[in-house]
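*Asks:* So I've got this file, run_13.cif, and it contains mmCIF, C-alpha atoms:
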data_input
#
loop_
_atom_site.label_atom_id
_atom_site.label_comp_id
_atom_site.auth_asym_id
_atom_site.auth_seq_id
_atom_site.Cartn_x
_atom_site.Cartn_y
_atom_site.Cartn_z
CA MET P 1 143.29 90.27 46.81
CA ARG P 2 142.35 87.84 44.03
CA SER P 3 139.97 88.44 41.14
CA TYR P 4 138.82 86.45 38.16
CA HIS P 5 139.06 88.13 34.76
CA VAL P 6 137.72 87.20 31.33
CA THR P 7 137.21 88.71 27.90
CA SER P 8 133.71 88.22 26.53
CA GLY P 9 133.62 85.39 24.02
CA ALA P 10 136.56 83.51 25.57
CA GLY P 11 134.32 81.00 27.32
CA VAL P 12 134.90 79.31 30.66
CA ASP P 13 138.45 78.38 29.66
CA GLY P 14 139.18 82.10 29.34
CA LEU P 15 138.72 82.72 33.08
CA SER P 16 141.98 83.71 34.74
CA LEU P 17 142.64 84.23 38.46
CA ARG P 18 145.03 87.07 39.35
CA SER P 19 146.35 88.76 42.46
CA HIS P 20 146.56 92.53 42.87
CA GLU P 21 146.27 95.23 45.51
CA PRO P 22 142.75 96.29 46.52
CA ARG P 23 141.77 99.88 45.79
CA SER P 24 140.82 102.15 48.67
CA PRO P 25 137.31 103.61 48.48
CA GLY P 26 137.11 107.19 47.24
CA PRO P 27 134.46 109.80 48.09
CA GLY P 28 131.00 108.22 48.12
CA GLU P 29 132.46 104.72 47.66
CA VAL P 30 132.41 101.57 49.79
CA LEU P 31 134.92 98.72 50.00
CA VAL P 32 133.10 95.38 50.24
CA ALA P 33 134.65 92.04 51.15
CA VAL P 34 132.71 89.79 48.78
CA ARG P 35 131.51 86.65 50.57
CA ALA P 36 129.47 84.97 47.83
CA THR P 37 128.40 85.34 44.22
CA SER P 38 125.76 83.53 42.17
CA LEU P 39 125.47 82.56 38.53
CA SER P 40 122.66 83.41 36.18
CA PHE P 41 122.07 82.83 32.47
CA ARG P 42 123.40 86.34 31.89
CA GLU P 43 126.87 85.17 32.98
CA LEU P 44 126.91 82.44 30.35
CA LEU P 45 126.02 85.02 27.70
CA VAL P 46 128.94 87.20 28.81
CA LEU P 47 131.41 84.32 28.52
CA ARG P 48 129.96 83.25 25.17
CA GLY P 49 130.16 86.76 23.72
CA GLN P 50 126.37 86.86 23.31
CA TYR P 51 125.38 89.43 25.94
CA VAL P 52 123.29 92.24 24.47
CA LEU P 53 124.91 95.02 26.52
CA PRO P 54 128.53 96.21 26.29
CA VAL P 55 131.21 94.13 28.04
CA LYS P 56 134.64 95.65 28.53
CA PRO P 57 137.75 93.59 27.79
CA ASP P 58 139.30 91.69 30.70
CA VAL P 59 136.26 92.31 32.89
CA ILE P 60 135.81 90.89 36.39
CA PRO P 61 132.62 88.88 35.74
CA ILE P 62 129.38 88.20 37.63
CA SER P 63 126.82 90.83 38.54
CA ASP P 64 125.39 89.09 41.61
CA GLY P 65 127.22 89.18 44.90
CA ALA P 66 126.90 89.89 48.60
CA GLY P 67 129.45 90.75 51.24
CA GLU P 68 130.54 92.78 54.23
CA VAL P 69 131.47 96.45 54.27
CA VAL P 70 135.07 96.81 55.47
CA ALA P 71 135.75 100.51 54.75
CA VAL P 72 133.94 103.59 53.45
CA GLY P 73 135.11 106.72 51.68
CA THR P 74 134.40 110.30 52.67
CA GLY P 75 130.79 111.37 52.45
CA VAL P 76 129.32 107.89 52.95
CA ARG P 77 126.49 108.16 55.48
CA SER P 78 124.18 105.17 55.17
CA LEU P 79 126.72 102.34 55.49
CA GLY P 80 129.60 101.44 57.78
CA PRO P 81 132.04 98.62 58.50
CA GLY P 82 130.27 95.38 59.35
CA ASP P 83 127.12 96.09 57.32
CA ARG P 84 125.92 93.20 55.15
CA VAL P 85 125.16 94.33 51.61
CA ALA P 86 124.44 93.32 48.04
CA ALA P 87 125.05 95.38 44.92
CA THR P 88 122.52 96.39 42.28
CA LEU P 89 123.26 95.13 38.77
CA PHE P 90 122.81 98.63 37.30
CA PRO P 91 124.56 100.85 39.89
CA SER P 92 123.15 104.14 38.55
CA TRP P 93 119.50 102.98 38.29
CA SER P 94 118.04 104.26 41.51
CA ASP P 95 114.32 104.44 40.71
CA GLY P 96 111.84 105.13 37.95
CA PRO P 97 111.93 103.79 34.38
CA PHE P 98 115.06 102.38 32.80
CA ARG P 99 117.07 104.92 30.77
CA LEU P 100 120.08 104.66 28.45
CA SER P 101 122.07 106.45 31.14
CA HIS P 102 121.58 103.37 33.34
CA LEU P 103 123.33 100.98 30.91
CA PRO P 104 126.63 100.58 32.85
CA GLN P 105 126.32 97.21 34.62
CA LEU P 106 128.39 95.07 36.94
CA GLY P 107 130.17 92.20 35.25
CA GLY P 108 129.74 93.92 31.88
CA SER P 109 130.86 97.46 31.18
CA LEU P 110 131.88 97.64 34.87
CA ASP P 111 133.92 95.15 36.88
CA GLY P 112 131.74 92.67 38.72
CA MET P 113 131.73 90.60 41.88
CA LEU P 114 133.88 87.50 41.20
CA THR P 115 136.58 88.98 43.37
CA GLU P 116 137.60 89.04 47.01
CA PHE P 117 137.09 92.81 47.36
CA ALA P 118 134.97 95.25 45.33
CA VAL P 119 134.76 99.04 45.49
CA LEU P 120 131.22 100.22 44.74
CA PRO P 121 129.22 103.45 44.98
CA GLU P 122 127.23 103.78 48.19
CA SER P 123 124.12 104.39 46.08
CA ALA P 124 124.52 100.99 44.40
CA LEU P 125 124.36 98.96 47.61
CA VAL P 126 121.39 97.65 49.60
CA THR P 127 121.44 96.00 52.99
CA ILE P 128 120.38 92.37 52.93
CA PRO P 129 117.67 90.69 55.04
CA GLU P 130 119.03 89.56 58.40
CA HIS P 131 117.76 85.99 58.09
CA LEU P 132 119.68 85.33 54.86
CA SER P 133 123.23 84.02 54.64
CA TYR P 134 125.65 85.69 52.26
CA ALA P 135 125.19 82.78 49.84
CA GLU P 136 121.41 83.23 49.91
CA ALA P 137 121.66 87.02 49.54
CA ALA P 138 123.98 86.63 46.54
CA THR P 139 121.07 85.09 44.60
CA LEU P 140 119.03 88.30 44.71
CA PRO P 141 120.43 91.07 42.45
CA CYS P 142 119.57 89.65 39.01
CA ALA P 143 117.10 86.75 39.17
CA ALA P 144 115.11 87.84 42.21
CA VAL P 145 114.85 91.53 41.28
CA THR P 146 113.81 90.53 37.75
CA ALA P 147 111.07 88.28 39.12
CA TRP P 148 109.89 91.00 41.51
CA ASN P 149 109.78 93.52 38.66
CA ALA P 150 107.88 91.02 36.49
CA LEU P 151 105.18 90.69 39.13
CA THR P 152 104.99 94.23 40.52
CA GLY P 153 106.71 96.66 38.18
CA ASP P 154 103.91 97.46 35.74
CA GLY P 155 101.99 99.81 38.03
CA ARG P 156 99.25 97.31 38.81
CA GLY P 157 101.08 94.33 40.20
CA VAL P 158 99.79 90.89 41.04
CA GLN P 159 96.60 90.95 43.07
CA ARG P 160 95.56 88.38 45.66
CA GLY P 161 93.54 85.62 44.01
CA GLN P 162 94.97 86.14 40.53
CA THR P 163 96.80 83.40 38.60
CA VAL P 164 100.43 83.59 37.50
CA LEU P 165 102.11 81.31 34.96
CA THR P 166 105.84 80.64 35.36
CA LEU P 167 107.88 78.87 32.69
CA GLY P 168 110.57 76.35 33.60
CA SER P 169 112.65 76.07 36.75
CA GLY P 170 115.43 78.62 36.25
CA GLY P 171 116.32 81.23 38.84
CA VAL P 172 113.84 83.90 37.70
CA SER P 173 111.00 81.39 37.43
CA LEU P 174 111.59 79.94 40.90
CA PHE P 175 111.67 83.39 42.46
CA ALA P 176 108.54 84.35 40.51
CA LEU P 177 106.77 81.29 41.90
CA GLN P 178 107.81 82.13 45.47
CA PHE P 179 106.94 85.82 45.16
CA ALA P 180 103.59 85.14 43.49
CA LYS P 181 102.58 82.88 46.39
CA LEU P 182 103.83 85.48 48.85
CA LEU P 183 101.57 88.04 47.11
CA GLY P 184 98.54 85.72 47.38
CA ALA P 185 98.34 84.47 43.81
CA LYS P 186 97.70 81.01 42.41
CA VAL P 187 100.63 79.65 40.36
CA ILE P 188 100.72 77.35 37.36
CA ALA P 189 104.29 76.26 36.60
CA THR P 190 105.70 74.48 33.57
CA THR P 191 108.68 72.16 33.44
CA GLY P 192 110.28 69.75 31.00
CA ARG P 193 111.54 67.41 33.71
CA ALA P 194 109.41 64.92 35.61
CA ASP P 195 111.76 65.06 38.61
CA ASN P 196 111.07 68.79 38.98
CA GLU P 197 107.29 68.49 39.12
CA GLN P 198 107.10 67.68 42.83
CA ARG P 199 109.84 70.20 43.62
CA LEU P 200 107.74 72.94 42.04
CA ARG P 201 104.70 71.80 44.01
CA ASP P 202 106.75 71.81 47.20
CA LEU P 203 107.65 75.46 46.50
CA GLY P 204 103.97 76.29 46.24
CA ALA P 205 102.92 75.67 42.63
CA ASP P 206 99.19 74.91 42.55
CA GLU P 207 99.40 73.18 39.16
CA VAL P 208 102.35 71.87 37.13
CA VAL P 209 102.32 71.21 33.39
CA ASN P 210 105.12 69.12 31.86
CA TYR P 211 105.62 70.60 28.42
CA ARG P 212 107.34 67.45 27.16
CA ASP P 213 104.28 65.38 27.99
CA VAL P 214 101.95 68.18 26.86
CA PRO P 215 103.59 70.05 23.94
CA ASP P 216 100.55 72.34 23.60
CA TRP P 217 101.01 73.53 27.17
CA HIS P 218 99.14 76.75 26.50
CA VAL P 219 96.01 74.67 25.86
CA ALA P 220 96.48 72.92 29.21
CA VAL P 221 96.89 76.29 30.92
CA ARG P 222 93.60 77.47 29.39
CA GLU P 223 91.90 74.32 30.61
CA LEU P 224 93.26 74.81 34.13
CA THR P 225 91.78 78.32 34.18
CA ALA P 226 88.36 77.30 32.84
CA GLY P 227 89.19 78.93 29.51
CA GLN P 228 89.86 82.35 31.00
CA GLY P 229 93.66 82.33 30.87
CA VAL P 230 96.14 83.46 33.50
CA ASP P 231 96.41 87.04 34.69
CA ARG P 232 100.17 87.20 34.27
CA VAL P 233 102.95 85.24 32.56
CA VAL P 234 106.63 85.43 33.47
CA ASP P 235 108.20 84.43 30.14
CA VAL P 236 111.90 83.55 30.32
CA ALA P 237 111.77 81.19 27.34
CA GLY P 238 111.02 83.57 24.48
CA THR P 239 107.70 81.80 23.84
CA VAL P 240 105.74 85.05 23.72
CA GLU P 241 103.17 83.75 21.24
CA ARG P 242 102.27 80.82 23.49
CA SER P 243 102.30 83.12 26.49
CA LEU P 244 99.75 85.31 24.72
CA ARG P 245 97.64 82.21 24.04
CA SER P 246 97.77 81.51 27.79
CA VAL P 247 96.99 84.97 29.13
CA ALA P 248 93.61 86.43 30.01
CA VAL P 249 92.07 89.48 28.35
CA ASP P 250 93.89 92.60 29.60
CA GLY P 251 96.53 90.33 31.11
CA HIS P 252 100.25 90.93 31.37
CA VAL P 253 103.23 89.10 29.86
CA ALA P 254 106.52 89.99 31.50
CA PHE P 255 109.08 89.21 28.79
CA VAL P 256 112.37 88.44 30.53
CA GLY P 257 114.29 86.93 27.61
CA SER P 258 114.95 83.71 25.74
CA VAL P 259 117.06 81.06 27.45
CA SER P 260 116.70 78.94 24.31
CA GLY P 261 118.48 81.57 22.24
CA THR P 262 115.68 81.70 19.67
CA TRP P 263 113.50 84.77 19.15
CA PRO P 264 110.28 83.74 17.38
CA SER P 265 108.04 86.34 15.79
CA ILE P 266 104.75 87.40 17.36
CA ASP P 267 101.39 87.31 15.59
CA SER P 268 100.06 90.81 16.22
CA ARG P 269 96.50 89.45 16.02
CA LEU P 270 97.15 87.71 19.34
CA LEU P 271 98.01 91.05 20.91
CA PHE P 272 94.84 92.57 19.54
CA GLY P 273 92.73 89.57 20.56
CA THR P 274 93.86 89.56 24.19
CA ALA P 275 94.43 93.30 24.67
CA ALA P 276 97.36 92.11 26.78
CA THR P 277 100.46 94.04 27.72
CA VAL P 278 103.84 92.58 26.75
CA ARG P 279 106.56 94.28 28.80
CA ALA P 280 110.26 93.62 28.27
CA LEU P 281 112.29 93.79 31.48
CA ALA P 282 115.81 94.96 32.27
CA VAL P 283 116.16 93.44 35.78
CA GLY P 284 115.05 96.29 38.07
CA SER P 285 115.99 99.41 39.98
CA ARG P 286 117.55 99.85 43.40
CA ALA P 287 114.14 100.98 44.73
CA GLN P 288 112.60 97.70 43.56
CA PHE P 289 115.46 95.78 45.19
CA VAL P 290 114.77 97.53 48.50
CA GLU P 291 111.02 96.91 48.23
CA MET P 292 111.64 93.24 47.42
CA ASN P 293 113.99 92.85 50.38
CA ARG P 294 111.28 94.19 52.70
CA ALA P 295 108.88 91.51 51.46
CA ILE P 296 111.55 88.79 51.73
CA ALA P 297 112.34 89.86 55.30
CA ALA P 298 108.68 90.10 56.34
CA HIS P 299 107.92 86.59 55.07
CA ARG P 300 111.36 85.16 55.85
CA LEU P 301 111.51 83.80 52.32
CA LYS P 302 114.49 81.60 51.50
CA PRO P 303 116.01 81.42 47.99
CA VAL P 304 116.48 78.00 46.41
CA ILE P 305 120.14 76.98 46.18
CA ASP P 306 121.24 73.97 44.15
CA ARG P 307 124.99 73.78 44.83
CA VAL P 308 127.85 75.77 46.37
CA PHE P 309 131.41 75.93 45.00
CA PRO P 310 134.54 77.42 46.58
CA PHE P 311 136.14 80.50 45.01
CA GLU P 312 139.03 78.43 43.64
CA GLU P 313 136.55 76.29 41.65
CA ALA P 314 134.74 79.09 39.85
CA ALA P 315 135.29 77.48 36.44
CA ALA P 316 133.75 74.25 37.72
CA ALA P 317 130.75 76.24 38.98
CA TYR P 318 130.24 77.73 35.52
CA ARG P 319 130.48 74.32 33.87
CA TYR P 320 128.03 72.80 36.33
CA TYR P 321 125.58 75.65 35.83
CA GLU P 322 125.86 75.30 32.06
CA SER P 323 125.40 71.53 31.87
CA GLY P 324 123.98 70.38 35.18
CA ASN P 325 120.36 71.56 34.83
CA PRO P 326 120.38 72.94 38.38
CA PHE P 327 117.18 73.42 40.32
CA GLY P 328 117.99 76.65 42.11
CA LYS P 329 120.99 78.94 42.16
CA VAL P 330 124.64 77.95 41.80
CA ILE P 331 126.82 79.79 44.33
CA ILE P 332 130.52 80.59 44.49
CA VAL P 333 131.66 81.38 48.03
CA THR P 334 134.57 83.77 48.36
CA GLY P 335 135.16 83.77 52.06
#
Have the structure of the file written as structure tokens, please.

*Replies:*
Amino acid sequence: MRSYHVTSGAGVDGLSLRSHEPRSPGPGEVLVAVRATSLSFRELLVLRGQYVLPVKPDVIPISDGAGEVVAVGTGVRSLGPGDRVAATLFPSWSDGPFRLSHLPQLGGSLDGMLTEFAVLPESALVTIPEHLSYAEAATLPCAAVTAWNALTGDGRGVQRGQTVLTLGSGGVSLFALQFAKLLGAKVIATTGRADNEQRLRDLGADEVVNYRDVPDWHVAVRELTAGQGVDRVVDVAGTVERSLRSVAVDGHVAFVGSVSGTWPSIDSRLLFGTAATVRALAVGSRAQFVEMNRAIAAHRLKPVIDRVFPFEEAAAAYRYYESGNPFGKVIIVTG
């Protein structure tokens, strides 16, 4: 088998492809032939040495992957050879709130999915919707689960007829747009690219605000909601203050992170004035992954894919993702 390895901080040029013998699954473990992986902003942070969670030296990178079960260890009951599966980013996070004990993560402190074969705990795997290809299913573990958590994980969830604001056209934001429409919400999307405006509308966005044309986009969002504000914001940009200026009283800001790399301060008066909840997310649990897959299967939702690269061109996939401004996920197919 072949696997890519890298030490955090070494960058794309630090990726090395090696051959070694696959490990047989032990008790409670499953051997998966990885068919596809997908890139997310998290993977760039790992290569840059900027990821907030621990990354072991010489790690096999990438948290997101899907493949076929080829062998199981003793005690495995729910899966068998031929099953189509994806792995959860946090293998020990089964359900409930996130705990420090759940910190071990694929492609970080644990080896990830940029490999031809991976041995994973049975409890970390979920079966994938039948209508999805391996490439499509590989998009789900990080971006899709994060978006699903952002919209449903606060105990109330998006209600039919509410309005959701998504920021930009990255993987989490596109899934949030698709899921919000699936849940019956109206969606206002922002973008900085004119060529993405119609694409976002084609995915279901009811309104699109170009933040380069309208720098005070939060004002435009207020105007589009008759001054009331949106019920929920999925904030991937670290613009929490503007998100709070966009949200309705008792609304919800799902704070996913900051793709810009900047972390501006928050005026606490805005929190008091809106009585809004700001909730930081850590992807989501296996239970949320399973729930999300049910919704995807029921509505036959298809992830947005920008480009597919072969396994041998993994470095090129990283470089394209980093500089190509993709609309949708970048996939690396293993087999």

*Asks:* Measure the distance from atom CA of Ala295 of chain P to atom CA of Leu183 of chain P in Å and round it to one decimal.

*Replies:* 9.2 Å

*Asks:* Which residues come within 12 Å of Gly273 of chain P, counting all atoms listed in the file, excluding same-chain residues fewer than 2 positions away, as a PyMOL selection string?

*Replies:* chain P and resi 241+244-251+267-271+275-277

*Asks:* What lies within 9 Å of Tyr211 of chain P using all atoms listed in the file, ignoring chain neighbours under 5 positions off, as a ChimeraX atom specification?

*Replies:* /P:190-193,216-217

*Asks:* For each of P:Gly11, P:Pro326, P:Gly112, P:Gly171, take the minimum atom-to-atom distance to Val145 of chain P, counting all atoms listed in the file, then give the residue where this is smallest.

*Replies:*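 Closest to Val145 of chain P, using all atoms listed in the file: P:Gly171.
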
*Asks:* On this structure, which residues satisfy the PyMOL selection byres ((chain P and resi 83-99) around 9), written as a PDB file with C-alpha atoms, in the frame of the given file?

*Replies:*
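Resulting contents of selection_5.pdb:
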ATOM      1  CA  VAL P  32     133.100  95.380  50.240  1.00  0.00           C
ATOM      2  CA  SER P  63     126.820  90.830  38.540  1.00  0.00           C
ATOM      3  CA  ASP P  64     125.390  89.090  41.610  1.00  0.00           C
ATOM      4  CA  GLY P  65     127.220  89.180  44.900  1.00  0.00           C
ATOM      5  CA  ALA P  66     126.900  89.890  48.600  1.00  0.00           C
ATOM      6  CA  GLY P  67     129.450  90.750  51.240  1.00  0.00           C
ATOM      7  CA  GLU P  68     130.540  92.780  54.230  1.00  0.00           C
ATOM      8  CA  VAL P  69     131.470  96.450  54.270  1.00  0.00           C
ATOM      9  CA  VAL P  70     135.070  96.810  55.470  1.00  0.00           C
ATOM     10  CA  LEU P  79     126.720 102.340  55.490  1.00  0.00           C
ATOM     11  CA  GLY P  80     129.600 101.440  57.780  1.00  0.00           C
ATOM     12  CA  PRO P  81     132.040  98.620  58.500  1.00  0.00           C
ATOM     13  CA  GLY P  82     130.270  95.380  59.350  1.00  0.00           C
ATOM     14  CA  LEU P 100     120.080 104.660  28.450  1.00  0.00           C
ATOM     15  CA  SER P 101     122.070 106.450  31.140  1.00  0.00           C
ATOM     16  CA  HIS P 102     121.580 103.370  33.340  1.00  0.00           C
ATOM     17  CA  LEU P 103     123.330 100.980  30.910  1.00  0.00           C
ATOM     18  CA  PRO P 104     126.630 100.580  32.850  1.00  0.00           C
ATOM     19  CA  GLN P 105     126.320  97.210  34.620  1.00  0.00           C
ATOM     20  CA  LEU P 106     128.390  95.070  36.940  1.00  0.00           C
ATOM     21  CA  GLY P 107     130.170  92.200  35.250  1.00  0.00           C
ATOM     22  CA  GLY P 112     131.740  92.670  38.720  1.00  0.00           C
ATOM     23  CA  MET P 113     131.730  90.600  41.880  1.00  0.00           C
ATOM     24  CA  LEU P 120     131.220 100.220  44.740  1.00  0.00           C
ATOM     25  CA  PRO P 121     129.220 103.450  44.980  1.00  0.00           C
ATOM     26  CA  SER P 123     124.120 104.390  46.080  1.00  0.00           C
ATOM     27  CA  ALA P 124     124.520 100.990  44.400  1.00  0.00           C
ATOM     28  CA  LEU P 125     124.360  98.960  47.610  1.00  0.00           C
ATOM     29  CA  VAL P 126     121.390  97.650  49.600  1.00  0.00           C
ATOM     30  CA  THR P 127     121.440  96.000  52.990  1.00  0.00           C
ATOM     31  CA  ILE P 128     120.380  92.370  52.930  1.00  0.00           C
ATOM     32  CA  PRO P 129     117.670  90.690  55.040  1.00  0.00           C
ATOM     33  CA  GLU P 130     119.030  89.560  58.400  1.00  0.00           C
ATOM     34  CA  TYR P 134     125.650  85.690  52.260  1.00  0.00           C
ATOM     35  CA  ALA P 137     121.660  87.020  49.540  1.00  0.00           C
ATOM     36  CA  ALA P 138     123.980  86.630  46.540  1.00  0.00           C
ATOM     37  CA  LEU P 140     119.030  88.300  44.710  1.00  0.00           C
ATOM     38  CA  PRO P 141     120.430  91.070  42.450  1.00  0.00           C
ATOM     39  CA  CYS P 142     119.570  89.650  39.010  1.00  0.00           C
ATOM     40  CA  ALA P 282     115.810  94.960  32.270  1.00  0.00           C
ATOM     41  CA  VAL P 283     116.160  93.440  35.780  1.00  0.00           C
ATOM     42  CA  GLY P 284     115.050  96.290  38.070  1.00  0.00           C
ATOM     43  CA  SER P 285     115.990  99.410  39.980  1.00  0.00           C
ATOM     44  CA  ARG P 286     117.550  99.850  43.400  1.00  0.00           C
ATOM     45  CA  ALA P 287     114.140 100.980  44.730  1.00  0.00           C
ATOM     46  CA  GLN P 288     112.600  97.700  43.560  1.00  0.00           C
ATOM     47  CA  PHE P 289     115.460  95.780  45.190  1.00  0.00           C
TER      48      PHE P 289
END

*Asks:* Would you fill out segment 179-198 of chain P with N, CA and C atoms and return it as a PDB file, keeping the file's coordinate frame?

*Replies:*
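In the end it all went to selection_33.pdb:
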ATOM      1  N   PHE P 179     107.498  84.486  44.934  1.00  0.00           N
ATOM      2  CA  PHE P 179     106.940  85.820  45.160  1.00  0.00           C
ATOM      3  C   PHE P 179     105.442  85.856  44.868  1.00  0.00           C
ATOM      4  N   ALA P 180     105.014  85.151  43.822  1.00  0.00           N
ATOM      5  CA  ALA P 180     103.590  85.140  43.490  1.00  0.00           C
ATOM      6  C   ALA P 180     102.772  84.541  44.636  1.00  0.00           C
ATOM      7  N   LYS P 181     103.271  83.473  45.247  1.00  0.00           N
ATOM      8  CA  LYS P 181     102.580  82.880  46.390  1.00  0.00           C
ATOM      9  C   LYS P 181     102.586  83.838  47.577  1.00  0.00           C
ATOM     10  N   LEU P 182     103.715  84.500  47.774  1.00  0.00           N
ATOM     11  CA  LEU P 182     103.830  85.480  48.850  1.00  0.00           C
ATOM     12  C   LEU P 182     102.793  86.595  48.678  1.00  0.00           C
ATOM     13  N   LEU P 183     102.519  86.961  47.407  1.00  0.00           N
ATOM     14  CA  LEU P 183     101.570  88.040  47.110  1.00  0.00           C
ATOM     15  C   LEU P 183     100.121  87.538  47.043  1.00  0.00           C
ATOM     16  N   GLY P 184      99.902  86.252  47.303  1.00  0.00           N
ATOM     17  CA  GLY P 184      98.540  85.720  47.380  1.00  0.00           C
ATOM     18  C   GLY P 184      97.967  85.209  46.082  1.00  0.00           C
ATOM     19  N   ALA P 185      98.829  84.938  45.100  1.00  0.00           N
ATOM     20  CA  ALA P 185      98.340  84.470  43.810  1.00  0.00           C
ATOM     21  C   ALA P 185      98.365  82.939  43.732  1.00  0.00           C
ATOM     22  N   LYS P 186      97.613  82.410  42.794  1.00  0.00           N
ATOM     23  CA  LYS P 186      97.700  81.010  42.410  1.00  0.00           C
ATOM     24  C   LYS P 186      98.778  80.902  41.340  1.00  0.00           C
ATOM     25  N   VAL P 187      99.536  79.804  41.322  1.00  0.00           N
ATOM     26  CA  VAL P 187     100.630  79.650  40.360  1.00  0.00           C
ATOM     27  C   VAL P 187     100.477  78.353  39.571  1.00  0.00           C
ATOM     28  N   ILE P 188     100.570  78.497  38.254  1.00  0.00           N
ATOM     29  CA  ILE P 188     100.720  77.350  37.360  1.00  0.00           C
ATOM     30  C   ILE P 188     102.162  77.401  36.856  1.00  0.00           C
ATOM     31  N   ALA P 189     102.895  76.319  37.027  1.00  0.00           N
ATOM     32  CA  ALA P 189     104.290  76.260  36.600  1.00  0.00           C
ATOM     33  C   ALA P 189     104.451  75.222  35.507  1.00  0.00           C
ATOM     34  N   THR P 190     105.360  75.485  34.573  1.00  0.00           N
ATOM     35  CA  THR P 190     105.700  74.480  33.570  1.00  0.00           C
ATOM     36  C   THR P 190     107.101  73.960  33.837  1.00  0.00           C
ATOM     37  N   THR P 191     107.344  72.752  33.359  1.00  0.00           N
ATOM     38  CA  THR P 191     108.680  72.160  33.440  1.00  0.00           C
ATOM     39  C   THR P 191     108.803  71.118  32.344  1.00  0.00           C
ATOM     40  N   GLY P 192     110.044  70.820  31.965  1.00  0.00           N
ATOM     41  CA  GLY P 192     110.280  69.750  31.000  1.00  0.00           C
ATOM     42  C   GLY P 192     110.856  68.515  31.653  1.00  0.00           C
ATOM     43  N   ARG P 193     110.938  68.518  32.987  1.00  0.00           N
ATOM     44  CA  ARG P 193     111.540  67.410  33.710  1.00  0.00           C
ATOM     45  C   ARG P 193     110.585  66.858  34.752  1.00  0.00           C
ATOM     46  N   ALA P 194     110.339  65.558  34.670  1.00  0.00           N
ATOM     47  CA  ALA P 194     109.410  64.920  35.610  1.00  0.00           C
ATOM     48  C   ALA P 194     109.900  65.042  37.049  1.00  0.00           C
ATOM     49  N   ASP P 195     111.243  65.014  37.240  1.00  0.00           N
ATOM     50  CA  ASP P 195     111.760  65.060  38.610  1.00  0.00           C
ATOM     51  C   ASP P 195     111.626  66.446  39.237  1.00  0.00           C
ATOM     52  N   ASN P 196     111.280  67.448  38.433  1.00  0.00           N
ATOM     53  CA  ASN P 196     111.070  68.790  38.980  1.00  0.00           C
ATOM     54  C   ASN P 196     109.614  69.079  39.331  1.00  0.00           C
ATOM     55  N   GLU P 197     108.713  68.218  38.911  1.00  0.00           N
ATOM     56  CA  GLU P 197     107.290  68.490  39.120  1.00  0.00           C
ATOM     57  C   GLU P 197     106.962  68.606  40.606  1.00  0.00           C
ATOM     58  N   GLN P 198     107.401  67.638  41.406  1.00  0.00           N
ATOM     59  CA  GLN P 198     107.100  67.680  42.830  1.00  0.00           C
ATOM     60  C   GLN P 198     107.866  68.809  43.517  1.00  0.00           C
TER      61      GLN P 198
END
